[in-house]
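**Q** This is the structure I want to talk about, given as structure tokens.
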Protein chains: 4
Amino acid sequence: MSQLNKKKIFNDPIYGFITLPYDIIFDLIEHPYFQRLRRIKQLGLTHMVFPGALHTRFHHALGTMHLMTKAIDVLRSKGTKITEKEAQGVSIAILLHDIGHGPFSHALEHSLVNGVSHEEISTFFMDALNKEFKGKLDLALQIFRNEYPKKFLHQLVSSQLDMDRLDYLKRDSFYTGVSEGVISTDRIITMLNVKNDELAIEEKGIYSIEKFIIARRLMYWQVYLHKTVVSAENLLIKILKRAKELAAQHIDLFATPALSQFLYNEHNLSSFQKNPLLLDTFAELDDTDIMSAIKVWKTHSDKTLSTLCKMAINRDLYKIQLQSKKFEKPVVDAISADVIAKLKIPKNELSYFVFQDNIVNNAYNPKMDKINILLKDNSINDITEAADTFNIKALATPVKKWFLCFPKH
Amino acid sequence: MSQLNKKKIFNDPIYGFITLPYDIIFDLIEHPYFQRLRRIKQLGLTHMVFPGALHTRFHHALGTMHLMTKAIDVLRSKGTKITEKEAQGVSIAILLHDIGHGPFSHALEHSLVNGVSHEEISTFFMDALNKEFKGKLDLALQIFRNEYPKKFLHQLVSSQLDMDRLDYLKRDSFYTGVSEGVISTDRIITMLNVKNDELAIEEKGIYSIEKFIIARRLMYWQVYLHKTVVSAENLLIKILKRAKELAAQHIDLFATPALSQFLYNEHNLSSFQKNPLLLDTFAELDDTDIMSAIKVWKTHSDKTLSTLCKMAINRDLYKIQLQSKKFEKPVVDAISADVIAKLKIPKNELSYFVFQDNIVNNAYNPKMDKINILLKDNSINDITEAADTFNIKALATPVKKWFLCFPKH
Amino acid sequence: MSQLNKKKIFNDPIYGFITLPYDIIFDLIEHPYFQRLRRIKQLGLTHMVFPGALHTRFHHALGTMHLMTKAIDVLRSKGTKITEKEAQGVSIAILLHDIGHGPFSHALEHSLVNGVSHEEISTFFMDALNKEFKGKLDLALQIFRNEYPKKFLHQLVSSQLDMDRLDYLKRDSFYTGVSEGVISTDRIITMLNVKNDELAIEEKGIYSIEKFIIARRLMYWQVYLHKTVVSAENLLIKILKRAKELAAQHIDLFATPALSQFLYNEHNLSSFQKNPLLLDTFAELDDTDIMSAIKVWKTHSDKTLSTLCKMAINRDLYKIQLQSKKFEKPVVDAISADVIAKLKIPKNELSYFVFQDNIVNNAYNPKMDKINILLKDNSINDITEAADTFNIKALATPVKKWFLCFPKH
Amino acid sequence: MSQLNKKKIFNDPIYGFITLPYDIIFDLIEHPYFQRLRRIKQLGLTHMVFPGALHTRFHHALGTMHLMTKAIDVLRSKGTKITEKEAQGVSIAILLHDIGHGPFSHALEHSLVNGVSHEEISTFFMDALNKEFKGKLDLALQIFRNEYPKKFLHQLVSSQLDMDRLDYLKRDSFYTGVSEGVISTDRIITMLNVKNDELAIEEKGIYSIEKFIIARRLMYWQVYLHKTVVSAENLLIKILKRAKELAAQHIDLFATPALSQFLYNEHNLSSFQKNPLLLDTFAELDDTDIMSAIKVWKTHSDKTLSTLCKMAINRDLYKIQLQSKKFEKPVVDAISADVIAKLKIPKNELSYFVFQDNIVNNAYNPKMDKINILLKDNSINDITEAADTFNIKALATPVKKWFLCFPKH
């Protein structure tokens with residue numbers, strides 16, 4: 001009976017059916033730590049621009065695991081040895097690779113859990129789960145931390161061609177409706193191979209990789225760094241920053257107990273290490289804590305907080321301008337003076353309303369790790385060094401843009 | 001400038017691009033009453049079974065308006081006269097047809113706003129908007145209320161072939177990944193015509209309609225009445241009922257101010273009529289108010305409430321059994337005794353844990369209104385009377401099933 | 001090297017990639033008997049109505065083999081024992097199940113190879129191949145002829161749920177663009193099981209089967225029995241019949257040598273049995289022999305032949321009327337008189353221009369074999385006897401329609 | 001009645017429905033000159049590598065006309081004035097833009113109609129149709145020949161962003177199943193505008209154009225210049241060349257009368273000009289004339305012809321090697337010696353079996369014409385000069401490769 005349940009099938013608009021390869025995968029998915037991902041959107045506030053972008057980290061995690069199953073099949077069919085234990089380990093590793101994400105992760109890391117990355121929290125969660133599952137995640141953890149001898153297993157979890165990227169590009173493209181990001185995960189996975197213990201793509205798959213890199217570049221400009229998305233995300237950062245500032249002054253703020261814990265206390269990496277229960281409080285947080293609070297804060301007596309929250313809820317976002325170099329002081333000063341006059345806010349709160357920063361698009365980063373092409377003569381080449389890819393070479397240089405935000409009215 | 005903005009284009013994974021046909025459509029979408037629909041899922045808790053089913057009433061409303069634009073084009077091309085004012089009116093009517101939905105509407109109507117239907121609240125919202133927009137919604141309201149002479153316009157908004165059904169079947173099927181519900185809205189709309197002031201489908205579209213009715217039937221069994229979905233929805237109803245019961249006893253419950261208003265007070269139709277501000281409080285409610293409260297209630301001192309909330313958050317739903325007749329008393333009694341013994345709950349709280357009810361699937365309901373087929377000889381026939389559709393005739397009879405819920409452990 | 005080639009991957013717009021599971025599959029595909037299927041369209045003249053319907057029997061055969069591979073995987077994962085030899089046998093059997101089709105098969109069976117069915121020719125081809133491949137097709141032939149003990153293997157090749165039907169419904173629907181025929185082959189195959197040595201569908205797949213039967217019904221009315229398709233096919237039958245009649249009178253007709261062989265000689269089942277070389281001549285025939293001849297016959301001195309051929313090439317097809325009962329003599333006579341007067345053809349050639357016949361749609365035929373549903377209690381039920389499928393029951397009765405053809409002008 | 005017919009709807013697996021905007025479009029499609037395109041595959045022998053690539057020039061022509069209708073709507077909605085007469089003219093121009101293609105056009109132009117391009121034959125057909133339609137194609141012809149004042153209309157028919165390219169990239173990608181070529185025609189057309197009487201793409205569409213250029217590049221390498229496709233096409237060229245050579249020696253060759261006409265006579269541009277009836281003979285030619293002849297030639301007494309034809313029919317294509325520079329004489333000589341020894345062919349027929357040539361991929365050719373980007377400040381920029389498109393700049397340089405063909409065995 002419970003056996004039967006573990007044969008669960010998930011419906012996925014993208015891949016059709018997702019089946020679970022191992023019982024432990026079923027048990028991990030059932031765990032409250034993982035179930036919370038059902039309430040955390042993959043793309044935060046992006047749905048304010050692309051209304052379909054409501055997919056969760058839960059669904060993405062299942063998707064990566066599904067692709068991993070296919071990748072294992074392909075590699076085995078080409079003679080790469082992967083034991084059942086390794087297959088299970090790498091599947092767990094990819095399933096949990098993002099478990100440390102909180103709600104609106106990017107904004108959170110700039111405010112509530114200052115200086116603690118989601119990767120670090122992921123390992124806290126995995127360690128806790130490993131304890132609860134009595135060491136069954138040992139191998140998964142080794143692979144995740146790149147401490148396992150077969151290096152390519154880690155690359156399947158984390159590299160420029162990992163199952164994470166394959167799924168998120170496809171999934172984000174699907175749900176936003178931005179067809180420029182569509183990639184053929186099937187084709188890419190079919191062309192995977194292992195050479196010298198490293199992942200590689202067979203030569204005839206070179207154009208699928210070219211398309212993959214271009215798709216990544218276009219998704220950055222059209223979705224992840226879309227100017228209205230950047231505007232919305234920065235608004236959220238400012239709201240949480242202001243709330244923390246008020247909390248530091250012991251001012252009352254409506255919040256769930258879990259959110260209160262992070263608003264009224266300063267937590268950093270060592271807090272998590274010293275107090276294991278803090279992880280459970282963190283695990284209570286999801287998108288609904290943040291959004292329900294912001295709705296209530298719309299009528300808070302602090303004018304800066306309430307103004308920002310009204311902007312967020314009524315989708316009256318900052319106006320945002322982009323350019324290739326930093327905005328000059330006179331430009332910023334003129335806008336600042338205008339905002340102070342109109343909003344009648346104190347000068348020291350101006351940074352909540354007028355600010356600049358930059359964004360970077362780096363479609364292919366050979367400095368991080370390389371995408372290996374396995375040539376027909378059995379040698380390996382970086383994709384930028386294979387013939388006829390000047391355009392990929394061109395994309396290996398990061399592009400930086402500056403943005404300036406200020407209220408519309 | 002603001003003109004330009006009103007030419008806004010929405011991305012839709014289903015239709016590609018959705019453009020706004022009139023400036024007033026843009027203004028209505030910008031209104032906070034409408035923006036709140038961004039935070040209300042179309043299918044409530046269905047995503048617990050189909051993880052992709054996170055689409056909102058906001059996106060569905062845009063979709064219906066998009067299909068309306070196409071239907072108007074098709075009907076005009078066939079000689080049906082529709083003035084610009086009527087086209088705008090019917091577009092507004094469909095855009096706002098569901099604006100009265102609260103979060104998890106079905107559960108809400110059984111608890112927080114007892115006895116007030118979302119249709120009634122929709123008209124409150126539309127009246128309020130009409131006032132704010134100085135009568136510009138007059139014609140839309142007439143069409144919505146079926147008080148406008150050209151009857152077929154109302155049928156485009158509300159009938160067995162309205163744009164609402166066309167969009168929700170397609171959209172729900174798309175996001176759940178249940179391909180049995182896929183319909184060809186393009187084909188159906190292309191075959192639309194008007195005869196004797198009523199909507200009709202041209203004869204050669206008869207098989208598209210057959211498929212549409214079958215798709216509806218299958219979506220009911222596979223999604224809307226899927227047993228785990230029914231189980232989850234009933235759990236939510238029980239949670240809100242228990243919370244209201246505790247609130248009636250003045251017991252403290254964490255809640256946003258808007259949710260508190262509806263928990264601690266009995267509101268009915270006349271409350272909305274007497275106190276126009278109540279609508280604004282209702283407009284503050286969305287999915288996040290409910291879900292953030294339930295998470296906090298997991299640790300409430302009332303055992304029944306906390307038990308139910310833990311079940312909801314950790315997805316430990318009721319076990320549910322289905323059969324064609326009512327469950328017999330001895331069966332229910334045996335389960336009840338078992339549950340009382342294991343959960344150690346007082347007998348008068350048993351109905352929160354063990355209960356039965358029924359569901360009905362009625363794919364085509366000729367008693368409500370008919371789907372007219374326009375034959376080549378220019379006569380009209382109900383689809384069940386057109387030749388060779390015994391199977392549709394078979395589907396005109398509603399199918400009822402009984403379900404019994406009880407805790408898994 | 002040649003090994004590598006046998007790992008060939010076919011692109012399929014429907015399934016993505018099709019890989020070949022066995023070397024012998026590669027060798028059979030390479031054989032000229034199989035390569036000829038590249039030049040035989042799956043749906044004959046249907047492309048005259050649905051211009052996308054140009055897919056070949058070659059592609060369909062690959063598709064069925066692809067689905068067979070998936071079905072074998074699913075059944076094995078549920079504990080059904082299928083040896084490697086059996087898997088190879090059933091894959092060969094499905095790959096070759098239609099190899100006996102000639103060009104425009106339906107028309108051909110009414111004219112050139114009178115009374116010899118494509119199934120009979122298929123076995124001739126398979127026997128010839130088995131000889132050439134030195135007995136390696138023995139098991140495939142046993143399965144194909146239903147002489148192999150494991151009966152379900154034959155059902156995968158030929159039954160109401162065989163891989164043939166699954167692929168052709170999906171493929172024909174895809175290429176015609178008639179979305180009413182779309183079925184979820186993935187879902188159906190995932191729900192396959194074996195019980196008492198017979199194929200069965202697990203209970204939760206019942207709605208996928210309902211949709212499959214409906215899709216079949218709708219594809220018959222909308223594509224296979226589409227009235228213009230019927231008109232075009234009958235035109236081709238009449239052309240070939242007339243050509244044979246002229247050939248019997250030793251009148252010269254342009255034709256390839258292979259086509260000449262079948263025009264100028266009467267061949268039947270025993271011709272193939274007596275003269276093994278006849279099969280090789282038959283194997284030379286494909287769509288191009290027929291179409292290139294018809295183009296030339298447009299200017300033939302026989303007026304009936306040239307008139308019919310002009311109609312075919314210029315797509316000036318018969319007008320066709322459909323009704324539920326036979327057309328009455330007076331109606332036919334009136335039209336006949338009109339045609340004779342206008343076309344000035346001798347009365348004994350009237351049947352080439354005015355004729356009636358009937359078509360039958362039988363979406364589900366429980367008399368042929370049944371679609372078994374495997375209930376949760378492990379018992380088996382025919383789908384029409386499982387609960388709540390009155391509409392399927394309704395479809396188990398064949399629907400017959402009569403058509404009358406005559407020239408448009 | 002005939003009016004009704006002209007409202008014909010075509011099913012298209014890609015766009016769903018294609019409707020005909022003008023009665024004359026219906027009449028042109030009905031014309032035998034256009035109907036013949038039903039029998040000419042868009043991609044010649046490409047289906048030997050991608051079995052789905054069977055779509056015809058007929059379907060492509062309908063597709064381009066469909067996109068034209070959409071483009072006209074978009075441009076008009078942005079204020080560009082296009083009269084009904086111009087809309088009809090540009091729709092006819094695109095419908096007929098490729099009407100001059102013969103079967104396997106590329107091969108034909110190297111053999112049967114030496115030195116006459118399909119563009120030239122297209123204008124012969126259009127002139128003939130214009131005469132038959134009594135001058136109704138005057139405007140279409142002006143646009144086609146770029147003699148009409150509104151230059152952007154010609155650009156819609158022929159430029160780097162014309163409806164031809166948009167449809168063929170999408171269609172070829174769809175039918176081959178090579179997803180790297182998928183483009184969003186909807187997005188691109190939505191972003192079209194006219195500035196200074198030239199077509200331009202609005203700035204926010206810049207990434208859709210980037211993707212379009214990349215898709216073009218990838219389709220060239222993966223499909224149009226796929227090495228096996230190149231091998232098959234060259235085999236066909238050699239076959240037709242050999243047949244012509246034998247015909248010049250008055251040797252008997254099986255062929256339809258139309259094909260005979262072009263085999264046994266030398267035709268060039270002036271033949272068409274001098275003898276208008278030659279166009280009607282050319283109009284008789286389609287894929288079936290060529291393929292039925294090649295099948296018969298398999299047993300021709302000329303060994304070179306029969307060998308080549310067997311290779312084509314049994315898909316035993318030339319082996320082909322690619323490299324970035326010309327193949328050196330010693331390499332070619334060694335292979336040649338080997339082939340002469342094995343095939344025992346006279347030395348002067350060696351060029352039918354061993355030969356080299358080159359192919360060029362030029363994804364974006366700014367020298368031909370430019371893709372204009374309409375910036376937000378209302379100025380125009382070539383896409384390679386707009387910011388952040390180094391990769392497009394990289395693609396503006398053509399890439400040349402050399403290939404060497406020789407028999408496999």
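Ordering of the structure tokens sets the chain letters (A, B, ...), residue numbers begin anew at 1 in every chain, and ligands are numbered from 1 in the order given.
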Taking only C-alpha atoms into account, which residues of chain C are within 10 Å of chain D, as a PyMOL selection string?
**A** chain C and resi 10-17+30-36+38-39+41+47-56+58-59+62+173-179+254-258+284-293+295-296+310+313-316
**Q** Measuring atom to atom with only C-alpha atoms, identify which of B:Thr299, B:Gln273, B:Thr397, B:Asn268 is nearest to Glu109 in chain B.
**A** B:Asn268
**Q** If I take CA of Ser208 in chain D and CA of Ser231 in chain A, how far is one from the other in Å, to one decimal?
**A**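 Between these atoms lies a distance of 22.8 Å.
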**Q** Name all residues at most 8 Å from Ala363 in chain C (count only C-alpha atoms; drop same-chain ones fewer than 6 positions away) and give them as a PDB file with C-alpha atoms, in the first residue's frame.
**A**
ATOM      1  CA  ILE C 213     -12.300   5.937 -28.508  1.00  0.00           C
ATOM      2  CA  ILE C 214     -13.911   9.339 -28.998  1.00  0.00           C
ATOM      3  CA  ARG C 216     -11.088   7.547 -33.147  1.00  0.00           C
ATOM      4  CA  ARG C 217     -14.745   8.265 -33.813  1.00  0.00           C
ATOM      5  CA  LEU C 395     -20.313   4.140 -29.576  1.00  0.00           C
ATOM      6  CA  ALA C 396     -20.112   0.350 -29.756  1.00  0.00           C
ATOM      7  CA  PRO C 398     -21.565   1.073 -35.943  1.00  0.00           C
TER       8      PRO C 398
END
